[in-house]
Structure formats: structure tokens, C-alpha cells
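Structure file work28.txt (compact mmCIF, C-alpha atoms) follows.
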```
# COMPACT_ATOMS: atom_id res chain seq x y z
CA MET D 1281 84.44 65.13 112.35
CA ARG D 1282 86.77 68.07 112.71
CA PRO D 1283 87.55 69.75 109.34
CA ASN D 1284 91.04 69.59 107.90
CA ILE D 1285 93.16 72.14 109.74
CA VAL D 1286 95.18 73.00 106.65
CA THR D 1287 92.09 74.06 104.70
CA GLU D 1288 89.90 75.66 107.35
CA ALA D 1289 91.90 78.89 107.72
CA GLY D 1290 90.04 82.04 106.82
CA ILE D 1291 91.05 84.86 104.54
CA GLN D 1292 92.62 86.88 107.34
CA THR D 1293 94.85 83.97 108.35
CA ARG D 1294 95.92 83.25 104.80
CA VAL D 1295 96.67 86.91 104.14
CA SER D 1296 98.82 86.94 107.27
CA GLN D 1297 100.66 83.79 106.17
CA TRP D 1298 101.16 85.17 102.65
CA TRP D 1299 102.54 88.44 104.01
CA ASN D 1300 104.82 86.77 106.56
CA ALA D 1301 106.35 84.65 103.78
CA ILE D 1302 107.52 87.76 101.89
CA PRO D 1303 111.15 88.60 102.77
CA PHE D 1304 112.17 91.80 104.51
CA LEU D 1305 113.31 94.01 101.62
CA THR D 1306 110.52 93.01 99.23
CA SER D 1307 107.84 93.67 101.83
CA SER D 1308 109.50 96.96 102.77
CA VAL D 1309 109.39 98.18 99.15
CA VAL D 1310 105.71 97.24 98.96
CA VAL D 1311 104.95 99.16 102.16
CA VAL D 1312 106.96 102.24 101.16
CA CYS D 1313 105.45 102.49 97.68
CA GLY D 1314 101.96 101.88 99.06
CA LEU D 1315 102.32 104.53 101.76
CA ILE D 1316 103.74 107.08 99.32
CA TYR D 1317 100.82 106.55 96.96
CA LEU D 1318 98.34 106.80 99.85
CA ILE D 1319 99.87 110.07 101.04
CA CYS D 1320 99.76 111.49 97.52
CA LEU D 1321 96.13 110.39 97.22
CA LEU D 1322 95.12 112.00 100.51
CA THR D 1323 96.98 115.25 99.86
CA GLY D 1324 95.85 115.53 96.23
CA TYR D 1325 99.38 115.51 94.84
CA ASP D 1326 99.14 114.18 91.29
CA THR D 1327 101.54 116.23 89.13
CA PHE D 1328 104.77 114.42 90.16
CA TYR D 1329 106.76 117.10 88.31
CA GLU D 1330 109.16 117.58 91.23
CA VAL D 1331 109.94 113.86 91.71
CA CYS D 1332 109.59 112.19 88.30
CA PHE D 1333 112.46 111.25 86.02
CA LEU D 1334 112.71 114.31 83.77
CA PRO D 1335 115.85 114.32 81.57
CA SER D 1336 115.71 118.05 80.86
CA ALA D 1337 115.57 118.92 84.57
CA ILE D 1338 118.37 116.50 85.42
CA LEU D 1339 120.71 117.95 82.80
CA SER D 1340 119.87 121.62 83.33
CA ARG D 1341 119.65 121.63 87.16
CA PHE D 1342 121.59 118.44 88.00
CA GLN D 1343 118.69 116.95 89.98
CA VAL D 1344 120.19 113.50 90.41
CA TYR D 1345 117.76 112.69 93.22
CA ARG D 1346 115.17 112.00 90.49
CA PHE D 1347 117.05 108.76 89.74
CA TYR D 1348 115.59 107.28 92.93
CA THR D 1349 112.45 109.26 93.75
CA ALA D 1350 110.92 108.36 90.39
CA ILE D 1351 110.83 104.62 91.17
CA LEU D 1352 108.89 105.13 94.43
CA PHE D 1353 105.96 107.17 93.06
CA HIS D 1354 103.04 105.77 91.05
CA GLY D 1355 100.33 107.52 89.12
CA SER D 1356 97.25 105.41 89.93
CA MET D 1357 95.94 102.63 92.14
CA LEU D 1358 96.18 100.14 89.26
CA HIS D 1359 99.75 101.26 88.59
CA VAL D 1360 101.02 100.67 92.13
CA MET D 1361 99.03 97.45 92.64
CA PHE D 1362 100.22 95.87 89.40
CA ASN D 1363 103.86 96.76 90.06
CA MET D 1364 103.81 95.55 93.66
CA MET D 1365 102.02 92.28 92.86
CA ALA D 1366 104.62 91.66 90.17
CA LEU D 1367 107.41 92.49 92.62
CA VAL D 1368 106.30 90.11 95.39
CA PRO D 1369 107.00 86.72 93.72
CA MET D 1370 109.99 87.90 91.72
CA GLY D 1371 111.64 90.00 94.42
CA SER D 1372 111.07 87.26 97.01
CA GLU D 1373 112.94 84.67 94.92
CA LEU D 1374 115.84 87.02 94.27
CA GLU D 1375 116.05 88.09 97.91
CA ARG D 1376 116.10 84.50 99.18
CA ILE D 1377 119.08 83.64 97.02
CA MET D 1378 120.98 86.94 97.27
CA GLY D 1379 120.12 88.15 100.76
CA SER D 1380 118.35 91.34 101.77
CA VAL D 1381 121.38 93.65 101.80
CA ARG D 1382 122.75 92.37 98.50
CA LEU D 1383 119.38 92.77 96.77
CA PHE D 1384 119.04 96.30 98.16
CA TYR D 1385 122.43 97.17 96.71
CA LEU D 1386 121.44 95.59 93.39
CA THR D 1387 118.19 97.58 93.34
CA ILE D 1388 120.08 100.85 93.85
CA LEU D 1389 122.56 99.82 91.16
CA LEU D 1390 119.77 98.99 88.70
CA ALA D 1391 117.98 102.26 89.46
CA THR D 1392 121.21 104.15 88.75
CA THR D 1393 122.10 102.32 85.54
CA ASN D 1394 118.52 102.54 84.27
CA ALA D 1395 118.53 106.29 84.83
CA VAL D 1396 121.93 106.76 83.18
CA LEU D 1397 120.89 104.75 80.12
CA HIS D 1398 117.57 106.62 79.98
CA LEU D 1399 119.36 109.94 80.18
CA LEU D 1400 121.92 108.95 77.55
CA ILE D 1401 119.37 107.68 75.02
CA ALA D 1402 117.08 110.67 75.56
CA SER D 1403 120.00 113.06 75.08
CA LEU D 1404 121.11 111.34 71.88
CA ALA D 1405 117.57 111.44 70.54
CA GLY D 1406 116.98 115.05 71.56
CA TYR D 1407 120.25 116.63 70.55
CA ASN D 1408 121.39 114.67 67.50
CA PRO D 1409 122.06 116.78 64.37
CA PHE D 1410 119.79 114.70 62.10
CA TYR D 1411 116.36 114.55 63.70
CA GLN D 1412 115.56 115.72 67.21
CA TYR D 1413 112.98 113.94 69.42
CA ASP D 1414 112.41 116.68 71.95
CA HIS D 1415 109.53 114.88 73.67
CA LEU D 1416 111.92 112.31 75.16
CA MET D 1417 113.76 115.07 77.02
CA ASN D 1418 110.49 116.34 78.52
CA GLU D 1419 108.97 112.97 79.34
CA CYS D 1420 108.09 112.70 83.04
CA ALA D 1421 108.42 109.03 84.04
CA ILE D 1422 107.54 107.43 87.40
CA GLY D 1423 107.05 103.90 88.69
CA PHE D 1424 108.93 100.77 89.76
CA SER D 1425 108.39 99.01 86.43
CA GLY D 1426 111.87 99.81 85.11
CA ILE D 1427 113.41 97.87 88.02
CA LEU D 1428 110.87 95.10 87.44
CA PHE D 1429 111.96 94.65 83.83
CA SER D 1430 115.55 94.36 85.03
CA MET D 1431 114.48 91.73 87.57
CA ILE D 1432 112.60 89.82 84.87
CA VAL D 1433 115.79 89.46 82.87
CA ILE D 1434 117.90 88.54 85.92
CA GLU D 1435 115.35 86.04 87.30
CA THR D 1436 114.99 84.41 83.88
CA SER D 1437 118.76 84.09 83.61
CA LEU D 1438 119.15 82.65 87.12
CA SER D 1439 116.26 80.18 86.82
CA GLY D 1440 117.72 78.57 83.70
CA VAL D 1441 114.32 78.05 82.03
CA THR D 1442 114.18 77.75 78.25
CA SER D 1443 110.68 79.14 77.68
CA ARG D 1444 108.13 81.29 79.46
CA SER D 1445 104.41 81.83 79.16
CA VAL D 1446 103.04 85.21 78.11
CA PHE D 1447 99.83 85.86 80.08
CA GLY D 1448 99.13 82.12 79.97
CA LEU D 1449 98.34 82.30 76.26
CA PHE D 1450 101.48 81.04 74.53
CA ASN D 1451 105.11 80.20 75.26
CA VAL D 1452 108.09 82.11 73.95
CA PRO D 1453 111.84 81.53 74.30
CA ALA D 1454 113.08 82.80 77.65
CA LYS D 1455 115.50 85.29 76.07
CA LEU D 1456 112.64 86.87 74.09
CA TYR D 1457 110.27 87.03 77.04
CA PRO D 1458 111.15 90.56 78.28
CA TRP D 1459 111.02 91.92 74.72
CA ILE D 1460 107.56 90.39 74.18
CA LEU D 1461 106.37 91.99 77.41
CA LEU D 1462 107.83 95.32 76.37
CA ILE D 1463 105.87 95.27 73.12
CA ALA D 1464 102.70 93.93 74.76
CA PHE D 1465 102.59 96.62 77.44
CA GLN D 1466 103.28 99.30 74.88
CA LEU D 1467 100.37 98.16 72.74
CA LEU D 1468 97.86 97.32 75.47
CA MET D 1469 98.40 100.21 77.90
CA THR D 1470 98.48 103.98 77.65
CA ASN D 1471 101.02 106.39 79.14
CA VAL D 1472 103.67 103.68 79.26
CA SER D 1473 107.32 104.77 79.23
CA LEU D 1474 108.87 102.76 76.42
CA LEU D 1475 112.32 104.16 77.13
CA GLY D 1476 112.08 103.44 80.87
CA HIS D 1477 111.17 99.79 80.28
CA LEU D 1478 113.77 99.42 77.55
CA CYS D 1479 116.54 100.71 79.81
CA GLY D 1480 115.42 98.26 82.48
CA ILE D 1481 115.82 95.36 80.05
CA LEU D 1482 119.25 96.58 78.96
CA SER D 1483 120.44 96.88 82.57
CA GLY D 1484 119.15 93.40 83.34
CA PHE D 1485 121.06 91.89 80.43
CA ALA D 1486 124.18 93.86 81.39
CA TYR D 1487 124.05 92.34 84.90
CA SER D 1488 123.30 88.83 83.58
CA TYR D 1489 126.30 88.93 81.23
CA GLY D 1490 128.64 90.10 83.99
CA LEU D 1491 129.15 93.68 82.84
CA PHE D 1492 128.40 94.94 86.36
CA ASN D 1493 130.74 92.53 88.14
CA PHE D 1494 133.26 95.28 88.86
CA LEU D 1495 130.47 97.22 90.60
CA MET D 1496 129.38 94.32 92.81
CA PRO D 1497 131.32 94.09 96.11
CA GLY D 1498 132.34 90.79 97.66
CA SER D 1499 130.39 88.95 100.31
CA SER D 1500 132.57 90.42 103.08
CA PHE D 1501 131.25 93.89 102.22
CA PHE D 1502 127.65 92.81 102.78
CA SER D 1503 128.60 90.81 105.88
CA ASN D 1504 130.20 93.91 107.41
CA ILE D 1505 127.03 95.88 106.78
CA GLU D 1506 124.89 93.17 108.37
CA SER D 1507 127.13 93.11 111.47
CA ALA D 1508 127.02 96.90 111.91
CA SER D 1509 125.24 98.19 115.01
CA TRP D 1510 122.92 100.45 113.04
CA MET D 1511 121.64 97.40 111.15
CA ALA D 1512 120.87 95.39 114.30
CA SER D 1513 117.18 96.27 114.34
CA CYS D 1514 116.75 95.12 110.73
CA VAL D 1515 118.84 91.96 111.06
CA ARG D 1516 116.76 90.84 114.05
CA ARG D 1517 113.63 90.87 111.92
CA PRO D 1518 112.40 87.30 111.26
CA LYS D 1519 111.97 88.01 107.54
CA PHE D 1520 115.47 89.43 107.10
CA ILE D 1521 117.68 87.16 104.95
CA MET D 1522 121.39 87.18 105.66
CA CYS D 1523 123.92 87.24 102.86
CA THR D 1524 125.52 83.79 103.03
CA GLY D 1525 128.25 84.65 100.54
CA GLY D 1526 126.83 82.32 97.92
CA ASN D 1527 127.10 82.87 94.21
CA PRO D 1528 124.23 85.15 93.13
CA SER D 1529 124.10 83.37 89.81
CA SER D 1530 123.60 79.95 91.39
CA TYR D 1531 120.53 77.77 91.05
CA MET D 1532 117.19 79.36 91.81
CA PRO D 1533 114.18 77.05 92.26
CA THR D 1534 111.16 77.78 90.10
CA TYR D 1535 107.83 76.09 89.55
CA SER D 1536 108.91 74.92 86.12
CA VAL D 1537 112.25 73.18 86.67
CA GLN D 1538 110.93 69.81 85.56
CA ASN D 1539 109.05 71.11 82.52
CA THR D 1540 111.62 73.84 81.65
CA THR D 1541 108.73 76.27 81.24
CA SER D 1542 108.14 79.22 83.53
CA SER D 1543 104.86 81.05 83.87
CA GLY D 1544 106.45 84.47 84.34
CA PHE D 1545 105.71 87.17 86.84
CA SER D 1546 102.49 88.51 85.39
CA THR D 1547 100.33 85.37 85.47
CA GLY D 1548 101.56 82.26 87.25
CA ASN D 1549 103.65 83.63 90.12
CA ALA D 1550 101.37 86.57 90.82
CA TRP D 1551 98.28 84.35 90.72
CA ARG D 1552 99.91 81.80 93.04
CA SER D 1553 100.73 84.57 95.50
CA LEU D 1554 97.07 85.64 95.45
CA SER D 1555 95.39 82.23 95.46
CA SER D 1556 97.66 80.77 98.14
CA TRP D 1557 95.71 82.49 100.91
CA LEU D 1558 92.18 82.06 99.53
CA PRO D 1559 90.06 79.79 101.77
CA GLN D 1560 89.37 76.30 100.47
CA ARG D 1561 86.98 73.64 101.71
CA GLU D 1562 87.28 69.92 101.15
CA ALA D 1563 84.31 67.56 100.98
CA SER D 1564 86.19 64.67 102.54
CA ASN D 1565 89.62 64.32 104.07
CA GLN D 1566 89.99 60.84 102.61
CA SER D 1567 89.07 61.72 99.03
CA SER D 1568 91.01 64.97 98.86
CA GLU D 1569 94.71 65.41 98.21
CA ASP D 1570 97.02 68.38 98.55
CA SER D 1571 98.63 69.07 95.18
CA ARG D 1572 101.88 69.99 96.94
CA PHE D 1573 102.05 66.51 98.51
CA PRO D 1574 101.18 63.98 95.79
CA GLY D 1575 100.71 60.36 96.73
CA ARG D 1576 98.75 58.29 99.21
CA GLY D 1577 98.79 59.53 102.79
CA ARG D 1578 100.01 57.33 105.63
CA THR D 1579 99.44 57.59 109.37
CA LEU D 1580 102.06 57.57 112.10
CA SER D 1581 101.11 56.08 115.44
CA GLY D 1582 101.25 58.51 118.30
CA THR D 1583 102.17 56.30 121.21
CA ALA D 1584 104.92 58.58 122.49
CA ARG D 1585 103.52 62.02 121.75
CA ASP D 1586 100.14 63.51 121.03
CA LEU D 1587 100.36 65.23 117.67
CA THR D 1588 96.94 66.82 117.91
CA PRO D 1589 97.52 70.47 116.99
CA PRO D 1590 96.34 73.01 119.52
CA ALA D 1591 93.49 75.29 118.63
CA GLY D 1592 94.51 78.22 116.48
CA GLU D 1593 97.79 76.67 115.31
CA THR D 1594 98.70 77.96 111.89
CA ASN D 1595 99.52 76.01 108.76
CA PRO D 1596 103.33 76.57 108.88
CA ASN D 1597 103.45 75.43 112.52
CA LEU D 1598 101.53 72.31 111.62
CA HIS D 1599 103.98 71.48 108.82
CA ALA D 1600 106.94 72.10 111.13
CA ARG D 1601 105.59 69.78 113.83
CA LEU D 1602 104.75 67.03 111.37
CA LEU D 1603 108.22 67.22 109.83
CA GLU D 1604 109.84 67.28 113.25
CA ASP D 1605 108.02 64.13 114.31
CA ASN D 1606 108.94 62.41 111.03
CA THR D 1607 112.70 62.42 111.69
CA PRO D 1608 114.42 59.01 111.69
CA ASP D 1609 115.35 59.09 115.38
CA ARG D 1610 111.69 59.48 116.37
CA LEU D 1611 110.31 56.52 114.40
CA SER D 1612 108.96 53.57 116.30
CA ASP D 1613 110.94 50.35 116.54
CA ALA D 1614 108.12 48.48 114.86
CA THR D 1615 108.43 50.60 111.75
CA VAL D 1616 112.21 50.17 111.51
CA THR D 1617 112.23 46.39 111.99
CA GLY D 1618 109.34 45.82 109.63
CA MET D 1619 106.93 44.54 112.33
CA PRO D 1620 103.27 45.51 112.16
CA GLU D 1621 102.40 48.79 113.73
CA PRO D 1622 100.67 48.64 117.11
CA ILE D 1623 97.19 49.98 117.42
CA PRO D 1624 97.58 53.67 118.30
CA THR D 1625 96.26 54.79 121.65
CA THR D 1626 95.99 58.44 120.71
CA ARG D 1627 94.59 60.35 117.80
CA GLN D 1628 96.34 59.74 114.49
CA VAL D 1629 97.32 62.63 112.25
CA PRO D 1630 97.36 61.96 108.49
CA ILE D 1631 100.45 63.16 106.67
CA ALA D 1632 101.15 62.69 103.00
CA ASN D 1633 104.22 60.81 101.87
CA ALA D 1634 105.47 60.20 105.42
CA ALA D 1635 106.01 56.45 104.95
CA VAL D 1636 109.39 55.07 105.93
CA LEU D 1637 111.36 53.61 103.03
CA PRO D 1638 113.40 50.44 103.27
CA GLN D 1639 117.09 50.89 103.97
CA SER D 1640 118.12 50.11 100.39
CA GLN D 1641 115.75 52.69 98.98
CA THR D 1642 116.84 55.20 101.58
CA GLN D 1643 120.45 54.85 100.55
CA GLY D 1644 119.50 55.31 96.91
CA ARG D 1645 117.51 58.39 97.78
CA VAL D 1646 120.43 60.00 99.61
CA GLY D 1647 122.77 59.49 96.68
CA ALA D 1648 120.26 60.66 94.10
CA SER D 1649 119.27 63.82 95.99
CA GLU D 1650 122.68 64.93 97.24
CA GLU D 1651 122.83 67.62 94.55
CA GLN D 1652 119.37 68.84 95.56
CA ILE D 1653 120.40 68.89 99.22
CA GLN D 1654 123.46 71.00 98.42
CA LYS D 1655 121.32 73.45 96.41
CA LEU D 1656 118.90 73.97 99.29
CA VAL D 1657 121.69 74.19 101.87
CA ALA D 1658 123.33 76.88 99.72
CA MET D 1659 120.10 78.88 100.02
CA GLY D 1660 120.54 79.03 103.82
CA PHE D 1661 118.43 76.09 105.06
CA GLU D 1662 119.78 73.62 107.60
CA ARG D 1663 120.82 70.27 106.17
CA THR D 1664 118.68 68.27 108.60
CA GLN D 1665 115.55 70.23 107.66
CA VAL D 1666 116.43 69.92 103.98
CA GLU D 1667 116.73 66.12 104.17
CA VAL D 1668 113.42 65.81 106.02
CA ALA D 1669 111.66 68.16 103.58
CA LEU D 1670 113.00 66.27 100.55
CA ALA D 1671 111.91 62.97 102.06
CA ALA D 1672 108.42 64.32 102.68
CA ALA D 1673 108.27 65.74 99.15
CA ASP D 1674 109.48 62.57 97.37
CA ASP D 1675 112.59 64.43 96.18
CA ASP D 1676 110.44 67.10 94.50
CA LEU D 1677 112.59 70.21 94.87
CA ASN D 1678 109.73 72.67 94.42
CA VAL D 1679 107.59 71.01 97.09
CA ALA D 1680 110.58 70.82 99.43
CA VAL D 1681 111.19 74.58 99.04
CA GLU D 1682 107.55 75.27 99.86
CA ILE D 1683 107.75 73.10 102.98
CA LEU D 1684 110.94 74.82 104.16
CA MET D 1685 109.55 78.29 103.50
CA SER D 1686 106.33 77.42 105.35
CA GLN D 1687 108.41 76.48 108.39
CA GLN D 1688 110.22 79.83 108.28
CA GLY D 1689 106.93 81.69 107.80
```

Produce C-alpha cells that represent the structure in this file.
Amino acid sequence: MRPNIVTEAGIQTRVSQWWNAIPFLTSSVVVVCGLIYLICLLTGYDTFYEVCFLPSAILSRFQVYRFYTAILFHGSMLHVMFNMMALVPMGSELERIMGSVRLFYLTILLATTNAVLHLLIASLAGYNPFYQYDHLMNECAIGFSGILFSMIVIETSLSGVTSRSVFGLFNVPAKLYPWILLIAFQLLMTNVSLLGHLCGILSGFAYSYGLFNFLMPGSSFFSNIESASWMASCVRRPKFIMCTGGNPSSYMPTYSVQNTTSSGFSTGNAWRSLSSWLPQREASNQSSEDSRFPGRGRTLSGTARDLTPPAGETNPNLHARLLEDNTPDRLSDATVTGMPEPIPTTRQVPIANAAVLPQSQTQGRVGASEEQIQKLVAMGFERTQVEVALAAADDDLNVAVEILMSQQG
């Protein structure tokens, strides 16, 4: 018997699927930071004195470029890998709801405000008349972690969760989560910029409470940028996400909506992004069950079309074809009228939760999930695909998002 197509993909295929699911801006930041670190490694450049955030150099020589060069350089392989793996799940969620151009603008804004706050606090500590902390003025800070702490605060605010897990050990209130991480990293790691992370948290809270609203342009500004000719090559990219003009503080799906507990960026989301492309084998197709599609699988007869996937078809394509063939206008007359299904003449493809509901239950489902449909449509998905995905996911919003994203991937 042929193995399950969904679980027989190798590591290379799963890595490709994982990478293709990362939006344009997030993947671009990962590539840029990775290439910069690789160039520094090959050329032996490890002082970073010319590019780091150095308050004394900024004030004395007005080297404002350090605001932005400092976030692109990293001091070690562990430093760049940890920051980028933390960025992937968190930046992807923010980019899908804000759009690529809007998130790029927000990243520049956060880098600027973080640097200004860092410079202000370091100057107050170094030049106050009571006790001077000169080491803060001469601290050379690099890394993307300041932006990440800002994103932690913003993502926590947008997701609406009430508690988050710290390294999978214990839960803390969501508002205390960034402060717990700040203390934990300061105690567990060496050469960590306390002031850089602190300024990132402060900027994140300032954005969440609307203090940066006067600095955020309207949706027409981002739409004009997306329609510019010099942006055509980026907009045509399949992973580029257009700015739909939606409210950036609207609902953001997380893995913990039902339990009101989020796993955070450092454990749950990062681990899911890693484990999603690891190869898995199932002992039996009948005894196994995909956790994303709970319930007993049904089979659809293939009298009209052969649903056998061609060799080499990827997991997202398989999901898209199964969902496409599960639309109401493609169902057999025997299923709609309640008559027994005819014996299929072609190979049957198992699909979880693809059973057709009675008309009364279908009407109840539409009314109950209208709010969920509107939330997913606001994220840029087509309404028809949203309804099919919700039906296949038994109205589980998280599973529906995964199905829709797998189709886009």
C-alpha cells in the first residue's frame, strides 16, 4: 500500500514548504541578517565598532546611521540563529495582518524609537549631576533583539491572550511576559544589552497604547507605495502581502485562542516552525490521525474526477485540491438527497472531516461562524476559500488558518 502522501515528504521538502510559508519581509530580514553575519565571518570582521549602537559616537559625531546598522549585525552564530528563529513565527503573524510594506515601516519606526530612547536614557545616566554611569555611553550594542522585544509586546497586545508560557515551564500574565523575558535573559546570558531590550519593550507598549498613531500613515500611503513602479518586482513575489487597509490592531489568530494561553515566541511558536518540516512516518493510515484535522475521516467517491495526486505533488497542493473538490457544487446528488453512495469506480482519497452536514446543521454553522469568516476575510483570504476551510476544520479557526496558509504556500 502506498504510504500517506502527507507524511512521506523528506526533510528537504518540508524545509522548502516551511520557507515558502514565511512572508516576504520576514524572510528578507532573515536572509539579510544571515548574509551579513556570513560575510563578517568570512572576512574576520568581529569588532563591530563602526556599525554598533554607540551613544558616545552618535552624540559626538552625529552618526545616526548606527540606529539601523546595529540591528542587522550579530556577534555569534547562536546570536543570529536565536534572533531569526524568534522572528520567523512572530514576524510572519504580524506581516500577514499588517502587510509587508506596513510592517517594514513599523520596523523602521521601532528601530528609530528604540535608538532614541536608548540614547536618551544613556545620556541621562551618563551626564546626570548625581551619579554618572559612563559605561552606558560606551556600550556597543548590536542585534535584532530590541525589535523582537517590541514585537513581543505588540503581538501579545494584538492576540488578546491573558497569559503566556515562559520557556514552557510556567504561565505568567500576558502584560508581564516581556518583563519576565527581560529579567530571564539578563540572568541566563552574558553580554546582553539590558538597555537595548528595555527600550524595545517601552517602544512596543508605546505603539500598543496608540502613542505612535500620529506617526503611522493611512492605508492610502502604503497602497501608493505598493502601486509604484519601483515596487513592481517585490509586489509580484508570491510571498508579498498587500496592505488591505485593515485595522492593524484587529484580531490576530494564535494557537491559544480557545485556552487563552499563548506559548510565546521562544518555545511554542519557534518549536512549531522547526518541527513542522521534520519527516514523520505513520504505522497505519487507518489508525493514525492528523492533529490539525480531528475527527473520523470520510471518503468521497470519485466518479467524476480522479483525485489521485500526481507523483511529487506537495502537501499544500494536496490540501488545495481536496478542498476544491469538497465545495458544495461538486458534491454528488446521492450525498445531497441522502441516498446511499454508489460504489466508487476510481481510487478513493481519505479526507478528514469532509462529511456533508444536513441542511439544518449547515445553516446553523453559517450563522455561528459568520464572525470567524469575517475575521479571515479581513486577513485577505477569499470568502469562498474561508468557508470551505472552516467547514473542513469544524469551525476551528486555528486549523482553518493553517489550511488557508498551506494553500498559499

Just give me the gap between CA of Cys1514 in chain D and CA of Leu1390 in chain D in Å, one decimal is fine.
22.6 Å

Looking at all atoms listed in the file, which of D:Cys1523, D:Glu1375, D:Arg1516, D:Phe1429 is the one that sits closest to Ser1499 in chain D?
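Comparing D:Cys1523, D:Glu1375, D:Arg1516, D:Phe1429 against Ser1499 in chain D, the winner is D:Cys1523.
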
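Separating CA of Val1433 in chain D from CA of Leu1374 in chain D is a distance of 11.7 Å.
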
Point out the residue among D:Glu1506, D:Glu1650, D:Glu1419, D:Glu1662 with the least atom-to-atom distance to Val1381 in chain D, counting only C-alpha atoms.
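Under the stated criterion, the closest residue is D:Glu1506.
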
One-decimal distance in Å that lies between CA of Leu1397 in chain D and CA of Ile1422 in chain D:
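Answer for the CA of Ile1422 in chain D to CA of Leu1397 in chain D separation: 15.4 Å.
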
D:Phe1304, D:Tyr1317, D:Tyr1407, D:Trp1299: which is nearest His1359 in chain D, counting only C-alpha atoms?
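Comparing D:Phe1304, D:Tyr1317, D:Tyr1407, D:Trp1299 against His1359 in chain D, the winner is D:Tyr1317.
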
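Restricting the calculation to only C-alpha atoms, the smallest distance between Glu1373 in chain D and any of D:Gly1423, D:Gly1484, D:Pro1303, D:Gly1440 is found for D:Pro1303.
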
As JSON, numbers by chain, please: the residues near Ser1336 in chain D (cut-off 9 Å, all atoms listed in the file, same-chain neighbours under 5 positions excluded).
{"D": [1341, 1399, 1403, 1416, 1417, 1418, 1419]}

Just the selected residues (C-alpha atoms), exported as an mmCIF file, in the frame of the given file, please.
```cif
data_model
loop_
_atom_site.group_PDB
_atom_site.id
_atom_site.type_symbol
_atom_site.label_atom_id
_atom_site.label_comp_id
_atom_site.auth_asym_id
_atom_site.auth_seq_id
_atom_site.Cartn_x
_atom_site.Cartn_y
_atom_site.Cartn_z
ATOM 1 C CA ARG D 1341 119.650 121.630 87.160
ATOM 2 C CA LEU D 1399 119.360 109.940 80.180
ATOM 3 C CA SER D 1403 120.000 113.060 75.080
ATOM 4 C CA LEU D 1416 111.920 112.310 75.160
ATOM 5 C CA MET D 1417 113.760 115.070 77.020
ATOM 6 C CA ASN D 1418 110.490 116.340 78.520
ATOM 7 C CA GLU D 1419 108.970 112.970 79.340
#
```

Have a look at D:Gly1290, D:Gly1379, D:Gly1355, D:Gly1324 and name the one nearest to Met1522 in chain D; count only C-alpha atoms.
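Using only C-alpha atoms, Met1522 in chain D sits closest to D:Gly1379.
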
Using all atoms listed in the file: which of D:Val1679, D:Ile1388, D:Ala1673, D:Thr1323 has the shortest distance to Leu1495 in chain D:
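Of D:Val1679, D:Ile1388, D:Ala1673, D:Thr1323, the one nearest Leu1495 in chain D, counting all atoms listed in the file, is D:Ile1388.
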
Excluding Ala1395 in chain D and residues on its chain fewer than 6 positions from it, collect all residues at most 8 Å away from it, counting all atoms listed in the file, and give them as a list in words.
Phe1333, Phe1347 and Cys1479 of chain D

Deliver the residues from the most recent selection as a file, using C-alpha atoms, as a short mmCIF file (atom, residue, chain, number, x, y, z; two decimals), in the frame of the given file.
```cif
data_model
loop_
_atom_site.label_atom_id
_atom_site.label_comp_id
_atom_site.auth_asym_id
_atom_site.auth_seq_id
_atom_site.Cartn_x
_atom_site.Cartn_y
_atom_site.Cartn_z
CA PHE D 1333 112.46 111.25 86.02
CA PHE D 1347 117.05 108.76 89.74
CA CYS D 1479 116.54 100.71 79.81
#
```
